[in-house]
file my_file-v2.tsv (TSV, C-alpha atoms)
chain	number	residue	atom	x	y	z
A	1	MET	CA	-19.09	1.83	8.25
A	2	LYS	CA	-19.32	3.86	11.46
A	3	LYS	CA	-19.63	7.07	9.43
A	4	LEU	CA	-22.33	5.42	7.30
A	5	PHE	CA	-24.36	4.59	10.40
A	6	SER	CA	-24.00	8.18	11.61
A	7	LEU	CA	-25.21	9.54	8.28
A	8	ILE	CA	-28.18	7.16	8.23
A	9	LEU	CA	-29.21	8.07	11.75
A	10	SER	CA	-28.85	11.79	10.99
A	11	ALA	CA	-31.13	11.33	7.98
A	12	VAL	CA	-33.65	9.54	10.17
A	13	VAL	CA	-33.69	12.46	12.62
A	14	LEU	CA	-34.35	14.88	9.76
A	15	MET	CA	-37.24	12.68	8.62
A	16	VAL	CA	-38.97	12.71	12.00
A	17	PRO	CA	-41.27	15.73	11.39
A	18	ALA	CA	-42.62	14.16	8.21
A	19	ILE	CA	-42.97	10.76	9.87
A	20	VAL	CA	-44.84	12.12	12.86
A	21	SER	CA	-47.20	14.24	10.74
A	22	ALA	CA	-48.13	11.40	8.41
A	23	GLN	CA	-51.12	9.30	9.45
A	24	ASP	CA	-50.82	5.54	9.13
A	25	SER	CA	-47.14	5.96	8.36
A	26	PRO	CA	-45.13	2.78	7.73
A	27	TYR	CA	-42.33	4.34	9.79
A	28	SER	CA	-41.90	4.77	13.53
A	29	PHE	CA	-39.36	6.74	15.52
A	30	THR	CA	-38.98	6.34	19.30
A	31	GLY	CA	-36.58	7.33	22.04
A	32	ASN	CA	-35.75	5.90	25.43
A	33	VAL	CA	-33.90	6.83	28.60
A	34	THR	CA	-32.91	4.70	31.62
A	35	LEU	CA	-31.55	5.41	35.08
A	36	ALA	CA	-30.03	2.37	36.79
A	37	SER	CA	-27.92	1.52	39.83
A	38	ASP	CA	-25.36	-0.29	37.62
A	39	TYR	CA	-24.65	-1.10	33.98
A	40	LEU	CA	-24.13	-4.82	33.54
A	41	PHE	CA	-22.90	-6.17	30.22
A	42	ARG	CA	-23.32	-9.94	30.18
A	43	GLY	CA	-23.04	-10.02	33.95
A	44	GLN	CA	-19.96	-7.78	34.21
A	45	SER	CA	-20.24	-4.24	35.59
A	46	GLN	CA	-19.22	-1.53	33.13
A	47	THR	CA	-19.52	1.30	35.66
A	48	ASP	CA	-17.48	-0.11	38.57
A	49	ASN	CA	-20.74	-0.98	40.37
A	50	ASN	CA	-21.90	2.64	40.18
A	51	PRO	CA	-25.10	4.20	38.74
A	52	THR	CA	-25.61	4.84	35.04
A	53	ILE	CA	-27.72	6.99	32.77
A	54	GLN	CA	-28.48	5.57	29.33
A	55	GLY	CA	-30.56	6.48	26.33
A	56	GLY	CA	-31.13	5.95	22.67
A	57	PHE	CA	-33.24	6.38	19.54
A	58	ASP	CA	-34.85	3.76	17.30
A	59	PHE	CA	-36.19	3.93	13.76
A	60	ALA	CA	-38.30	1.13	12.32
A	61	HIS	CA	-40.17	0.40	9.10
A	62	GLU	CA	-43.16	-1.92	8.75
A	63	SER	CA	-41.06	-4.11	6.45
A	64	GLY	CA	-38.99	-5.13	9.49
A	65	LEU	CA	-35.99	-2.89	8.85
A	66	PHE	CA	-34.73	-1.14	11.98
A	67	LEU	CA	-31.85	1.17	12.91
A	68	GLY	CA	-30.85	2.66	16.22
A	69	THR	CA	-28.24	4.15	18.49
A	70	TRP	CA	-27.75	3.91	22.24
A	71	ALA	CA	-25.26	5.41	24.71
A	72	SER	CA	-24.16	4.91	28.31
A	73	ASN	CA	-21.56	6.15	30.74
A	74	ILE	CA	-18.87	3.57	31.63
A	75	ASN	CA	-15.73	3.57	33.80
A	76	PHE	CA	-13.22	2.63	31.03
A	77	GLY	CA	-12.58	3.44	27.39
A	78	GLY	CA	-12.81	7.17	28.01
A	79	GLY	CA	-16.02	6.98	30.00
A	80	LEU	CA	-18.52	6.69	27.15
A	81	GLU	CA	-20.00	3.85	25.09
A	82	ILE	CA	-22.05	4.48	21.95
A	83	ASP	CA	-23.71	1.59	20.12
A	84	TYR	CA	-24.95	1.68	16.53
A	85	TYR	CA	-27.18	-1.17	15.41
A	86	GLY	CA	-29.50	-2.27	12.66
A	87	GLY	CA	-31.09	-5.27	11.07
A	88	LEU	CA	-34.28	-7.01	10.04
A	89	ALA	CA	-37.05	-8.47	12.20
A	90	GLY	CA	-40.34	-10.21	11.61
A	91	GLU	CA	-43.08	-12.24	13.26
A	92	THR	CA	-45.55	-14.83	12.06
A	93	ASP	CA	-49.23	-14.98	13.01
A	94	GLY	CA	-48.45	-18.08	15.06
A	95	GLY	CA	-46.20	-16.24	17.52
A	96	LEU	CA	-42.77	-17.05	16.06
A	97	ALA	CA	-40.47	-14.01	15.84
A	98	TRP	CA	-37.03	-13.69	14.29
A	99	LYS	CA	-34.32	-11.06	14.12
A	100	LEU	CA	-31.01	-10.50	12.32
A	101	LEU	CA	-28.92	-7.94	14.22
A	102	GLY	CA	-25.63	-6.17	13.72
A	103	THR	CA	-24.14	-3.92	16.42
A	104	TYR	CA	-21.07	-1.71	16.44
A	105	TYR	CA	-19.72	-0.80	19.90
A	106	GLU	CA	-17.81	2.46	19.89
A	107	TYR	CA	-15.77	4.01	22.71
A	108	PRO	CA	-14.99	7.41	21.17
A	109	SER	CA	-12.65	8.68	23.90
A	110	SER	CA	-10.60	5.49	24.31
A	111	GLY	CA	-7.72	6.67	22.13
A	112	ASP	CA	-6.14	5.24	19.00
A	113	GLY	CA	-4.70	1.75	18.97
A	114	VAL	CA	-6.51	0.50	22.07
A	115	GLY	CA	-8.79	-1.83	20.12
A	116	VAL	CA	-11.86	-1.38	22.32
A	117	ASP	CA	-14.32	-0.84	19.43
A	118	TYR	CA	-15.76	-3.94	17.79
A	119	TRP	CA	-18.58	-5.46	15.70
A	120	GLU	CA	-21.05	-8.23	16.53
A	121	VAL	CA	-23.62	-9.91	14.27
A	122	GLY	CA	-26.09	-12.72	14.79
A	123	PRO	CA	-29.64	-14.08	14.63
A	124	SER	CA	-32.27	-14.79	17.27
A	125	LEU	CA	-35.62	-16.59	17.46
A	126	SER	CA	-38.44	-16.43	19.98
A	127	TYR	CA	-41.84	-18.03	20.37
A	128	THR	CA	-44.76	-16.73	22.42
A	129	PHE	CA	-47.09	-19.37	23.76
A	130	GLY	CA	-50.77	-18.90	24.49
A	131	GLY	CA	-52.40	-18.72	27.89
A	132	ASP	CA	-52.75	-16.10	30.60
A	133	LEU	CA	-49.01	-15.84	31.29
A	134	ALA	CA	-48.08	-15.79	27.58
A	135	PRO	CA	-44.70	-17.52	28.10
A	136	LYS	CA	-42.06	-16.34	25.65
A	137	LEU	CA	-39.01	-18.52	24.94
A	138	GLY	CA	-36.10	-17.15	22.96
A	139	ALA	CA	-32.53	-17.98	21.96
A	140	GLY	CA	-29.78	-16.60	19.77
A	141	PHE	CA	-26.10	-15.92	19.34
A	142	MET	CA	-23.77	-13.07	18.46
A	143	TYR	CA	-20.38	-13.42	16.76
A	144	ALA	CA	-17.49	-10.94	16.81
A	145	ASP	CA	-14.48	-11.52	14.58
A	146	ASP	CA	-12.37	-9.47	16.99
A	147	PHE	CA	-13.93	-8.93	20.42
A	148	SER	CA	-13.10	-5.87	22.51
A	149	PHE	CA	-9.45	-5.11	23.44
A	150	ASN	CA	-8.23	-7.13	20.44
A	151	SER	CA	-9.18	-10.38	22.15
A	152	GLY	CA	-9.94	-12.26	18.93
A	153	ALA	CA	-13.05	-14.14	17.89
A	154	GLY	CA	-15.90	-14.07	20.38
A	155	TRP	CA	-19.18	-15.98	20.67
A	156	TRP	CA	-22.15	-15.17	22.87
A	157	VAL	CA	-24.88	-17.82	23.03
A	158	TYR	CA	-27.96	-17.07	25.11
A	159	SER	CA	-31.54	-18.03	25.97
A	160	ASP	CA	-34.42	-16.15	27.59
A	161	LEU	CA	-37.74	-17.08	29.15
A	162	GLY	CA	-40.34	-14.45	30.01
A	163	PHE	CA	-43.81	-14.34	31.50
A	164	THR	CA	-46.51	-11.67	31.44
A	165	LEU	CA	-47.99	-11.37	34.94
A	166	PRO	CA	-51.17	-9.64	36.12
A	167	SER	CA	-51.21	-5.88	36.82
A	168	ASP	CA	-48.58	-5.13	34.15
A	169	PHE	CA	-45.81	-7.10	35.85
A	170	SER	CA	-43.29	-9.17	33.88
A	171	LEU	CA	-40.91	-11.90	35.02
A	172	GLY	CA	-37.81	-12.86	33.06
A	173	PHE	CA	-35.05	-15.46	33.20
A	174	HIS	CA	-31.82	-15.28	31.18
A	175	ILE	CA	-28.69	-17.37	30.71
A	176	GLY	CA	-25.75	-16.84	28.37
A	177	GLN	CA	-22.22	-18.06	27.65
A	178	GLN	CA	-19.52	-15.69	26.37
A	179	SER	CA	-16.29	-17.05	24.93
A	180	VAL	CA	-13.25	-15.15	23.64
A	181	LYS	CA	-10.19	-16.48	21.84
A	182	ASP	CA	-7.60	-14.44	23.76
A	183	GLU	CA	-8.74	-14.53	27.39
A	184	ALA	CA	-5.65	-12.69	28.62
A	185	ALA	CA	-6.31	-9.74	26.29
A	186	TRP	CA	-9.92	-9.47	27.46
A	187	GLY	CA	-9.15	-9.97	31.14
A	188	THR	CA	-11.31	-12.96	32.12
A	189	PRO	CA	-11.76	-16.60	31.10
A	190	ASP	CA	-14.89	-17.58	29.17
A	191	TRP	CA	-17.86	-17.07	31.44
A	192	LEU	CA	-21.45	-18.09	32.10
A	193	GLU	CA	-23.83	-15.27	33.02
A	194	TYR	CA	-27.41	-15.49	34.24
A	195	ASN	CA	-30.08	-13.30	35.79
A	196	VAL	CA	-33.70	-13.09	36.88
A	197	SER	CA	-35.71	-9.88	36.59
A	198	LEU	CA	-39.06	-8.48	37.65
A	199	SER	CA	-40.54	-5.36	36.08
A	200	LYS	CA	-43.68	-3.25	36.46
A	201	VAL	CA	-45.15	-0.81	33.94
A	202	LEU	CA	-46.63	2.38	35.37
A	203	GLY	CA	-47.87	4.69	32.65
A	204	PRO	CA	-44.92	5.60	30.38
A	205	TYR	CA	-42.37	4.22	32.86
A	206	THR	CA	-41.01	0.75	33.58
A	207	PHE	CA	-39.56	-0.03	37.00
A	208	ALA	CA	-37.36	-3.11	37.25
A	209	ILE	CA	-35.16	-5.11	39.60
A	210	LYS	CA	-32.63	-7.65	38.32
A	211	ALA	CA	-30.45	-10.14	40.19
A	212	SER	CA	-27.41	-11.13	38.13
A	213	ASP	CA	-24.33	-13.32	38.56
A	214	THR	CA	-21.54	-15.08	36.66
A	215	ASP	CA	-19.56	-18.26	37.26
A	216	LEU	CA	-16.28	-16.29	37.50
A	217	LYS	CA	-14.35	-16.19	40.74
A	218	GLU	CA	-13.06	-12.83	41.88
A	219	LYS	CA	-9.43	-13.79	41.21
A	220	ASP	CA	-10.31	-14.46	37.55
A	221	CYS	CA	-12.22	-11.19	37.06
A	222	PHE	CA	-9.93	-8.53	35.61
A	223	SER	CA	-6.99	-9.32	37.91
A	224	GLY	CA	-9.04	-9.63	41.10
A	225	THR	CA	-12.03	-7.28	40.98
A	226	ASN	CA	-15.66	-7.65	42.07
A	227	LEU	CA	-17.02	-6.58	38.67
A	228	CYS	CA	-18.23	-10.14	37.94
A	229	ASP	CA	-19.83	-10.81	41.33
A	230	THR	CA	-23.49	-11.14	42.22
A	231	ALA	CA	-25.30	-7.85	41.63
A	232	VAL	CA	-28.81	-6.52	42.18
A	233	VAL	CA	-29.69	-3.70	39.80
A	234	PHE	CA	-32.62	-1.31	40.14
A	235	SER	CA	-33.74	0.72	37.13
A	236	VAL	CA	-36.44	3.02	35.85
A	237	SER	CA	-36.88	3.64	32.13
A	238	GLY	CA	-39.20	5.60	29.90
A	239	SER	CA	-39.88	5.87	26.20
A	240	PHE	CA	-41.13	8.68	24.01

call {"tool": "encode", "arguments": {"input": "my_file-v2.tsv", "output": "structure tokens"}}
result
Amino acid sequence: MKKLFSLILSAVVLMVPAIVSAQDSPYSFTGNVTLASDYLFRGQSQTDNNPTIQGGFDFAHESGLFLGTWASNINFGGGLEIDYYGGLAGETDGGLAWKLLGTYYEYPSSGDGVGVDYWEVGPSLSYTFGGDLAPKLGAGFMYADDFSFNSGAGWWVYSDLGFTLPSDFSLGFHIGQQSVKDEAAWGTPDWLEYNVSLSKVLGPYTFAIKASDTDLKEKDCFSGTNLCDTAVVFSVSGSF
């Protein structure tokens, strides 16, 4: 399946010239890059509380089909994470949006037999209310039949609330619960993660600050690390 995703994404790249040159094309192809002071995955630092550079490409069709890939530096699994994802998305005229997503997390330099790579699939729903702040409420879950490091079945259930503020500012609140069957294999007990973020759009760039935390004590975080502690992350991202 990983090779299939690579072939599909390669085909998308080859299609870009035709897509860009066609007016009113049903396809879109975009890229993104982010510089951040840390890479948090569900409240846990993936870069040992150090900066990260990340980027990816996305292909979408007006039917709702989308495919993409994204990569980041990390401090385990060989130092590199590459995600491949795809699915279907749609939105009604009344503001209700839905998505079916599948993601494959690959750590290409981790070595054979480590069991770091894994799949997740799941749906999400969101609703955008009217008014000046246009509140957006969303929720969803992701399921992995074998979470990273061969830790067995994993569930991530989450909810988000966002507001559009004046002068191109946005305010967001997030909460999620991650569970894994084999906590010892993963390195932490099941955990609650939550954050609040504020972002500002300036031309093609988005500047953001996020305060994040988990309910894990340091002694329960990967044999006594601070990777699950309170963190404040600054980032700047751009798309093209």

call {"tool": "closest_residue", "arguments": {"input": "my_file-v2.tsv", "among": "A:Ala60, A:Cys221, A:Ala211, A:Val114", "to": "A:Asp38", "atoms": "all atoms listed in the file"}}
result
A:Ala211

call {"tool": "residues_around", "arguments": {"input": "my_file-v2.tsv", "residues": "A:Ser45", "least_positions_apart": "3", "cutoff": "12 Å", "atoms": "only C-alpha atoms", "output": "ChimeraX atom specification"}}
result
/A:36-42,48-52,73-76,193,212-214,221-222,225-233

call {"tool": "closest_residue", "arguments": {"input": "my_file-v2.tsv", "among": "A:Gly115, A:Gly77, A:Pro135, A:Pro26", "to": "A:Gln46", "atoms": "all atoms listed in the file"}}
result
A:Gly77

call {"tool": "atom_distance", "arguments": {"input": "my_file-v2.tsv", "atom1": "atom CA of A:Leu96", "atom2": "atom CA of A:Ser126"}}
result
5.9 Å

call {"tool": "closest_residue", "arguments": {"input": "my_file-v2.tsv", "among": "A:Ser151, A:Ser159, A:Ser197, A:Thr92", "to": "A:Ser179", "atoms": "all atoms listed in the file"}}
result
A:Ser151

call {"tool": "closest_residue", "arguments": {"input": "my_file-v2.tsv", "among": "A:Phe57, A:Phe163, A:Tyr143, A:Tyr127", "to": "A:Thr103", "atoms": "all atoms listed in the file"}}
result
A:Tyr143

call {"tool": "closest_residue", "arguments": {"input": "my_file-v2.tsv", "among": "A:Thr47, A:Thr34, A:Gln177, A:Asp24", "to": "A:Glu62", "atoms": "only C-alpha atoms"}}
result
A:Asp24

call {"tool": "closest_residue", "arguments": {"input": "my_file-v2.tsv", "among": "A:Ser199, A:Thr164, A:Ser223, A:Thr30", "to": "A:Ser239", "atoms": "only C-alpha atoms"}}
result
A:Thr30

call {"tool": "atom_distance", "arguments": {"input": "my_file-v2.tsv", "atom1": "atom CA of A:Ala153", "atom2": "atom CA of A:Gly176"}}
result
16.7 Å

call {"tool": "atom_distance", "arguments": {"input": "my_file-v2.tsv", "atom1": "atom CA of A:Leu192", "atom2": "atom CA of A:Val157"}}
result
9.7 Å

call {"tool": "residues_near_point", "arguments": {"input": "my_file-v2.tsv", "point": "(-42.0, -15.0, 25.4)", "cutoff": "10 Å", "atoms": "all atoms listed in the file", "output": "list in words"}}
result
Gly95, Leu96, Ala97, Ser126, Tyr127, Thr128, Phe129, Gly130, Leu133, Ala134, Pro135, Lys136, Leu137, Gly138, Asp160, Leu161, Gly162, Phe163, Thr164 and Gly172 of chain A

call {"tool": "axis_aligned_box", "arguments": {"input": "my_file-v2.tsv", "around": "stretch 147-151 of chain A", "padding_each_side": "6 Å", "output": "AutoDock Vina command-line options"}}
result
--center_x -11.1 --center_y -7.7 --center_z 21.9 --size_x 17.7 --size_y 17.3 --size_z 15.0

call {"tool": "decode", "arguments": {"input": "my_file-v2.tsv", "residues": "stretch 53-80 of chain A", "atoms": "C-alpha atoms", "output": "compact mmCIF listing (two decimals), in the first residue's frame"}}
result
# COMPACT_ATOMS: atom_id res chain seq x y z
CA ILE A 53 11.01 22.07 9.70
CA GLN A 54 8.02 20.45 8.01
CA GLY A 55 6.39 20.45 4.62
CA GLY A 56 4.06 18.66 2.29
CA PHE A 57 1.99 18.55 -0.89
CA ASP A 58 -1.76 18.14 -1.35
CA PHE A 59 -3.85 17.14 -4.34
CA ALA A 60 -7.62 17.59 -4.35
CA HIS A 61 -10.50 17.07 -6.76
CA GLU A 62 -13.81 18.93 -6.69
CA SER A 63 -15.54 15.60 -6.01
CA GLY A 64 -13.99 15.63 -2.53
CA LEU A 65 -11.17 13.16 -3.21
CA PHE A 66 -7.84 14.24 -1.74
CA LEU A 67 -4.32 12.82 -1.46
CA GLY A 68 -1.23 14.18 0.20
CA THR A 69 2.15 13.65 1.78
CA TRP A 70 3.89 15.45 4.62
CA ALA A 71 7.30 15.14 6.29
CA SER A 72 9.06 16.33 9.44
CA ASN A 73 12.31 15.86 11.29
CA ILE A 74 12.00 13.91 14.57
CA ASN A 75 14.45 12.70 17.24
CA PHE A 76 13.64 8.95 16.98
CA GLY A 77 12.91 6.39 14.28
CA GLY A 78 15.93 7.43 12.24
CA GLY A 79 15.19 11.14 12.44
CA LEU A 80 12.51 11.40 9.74
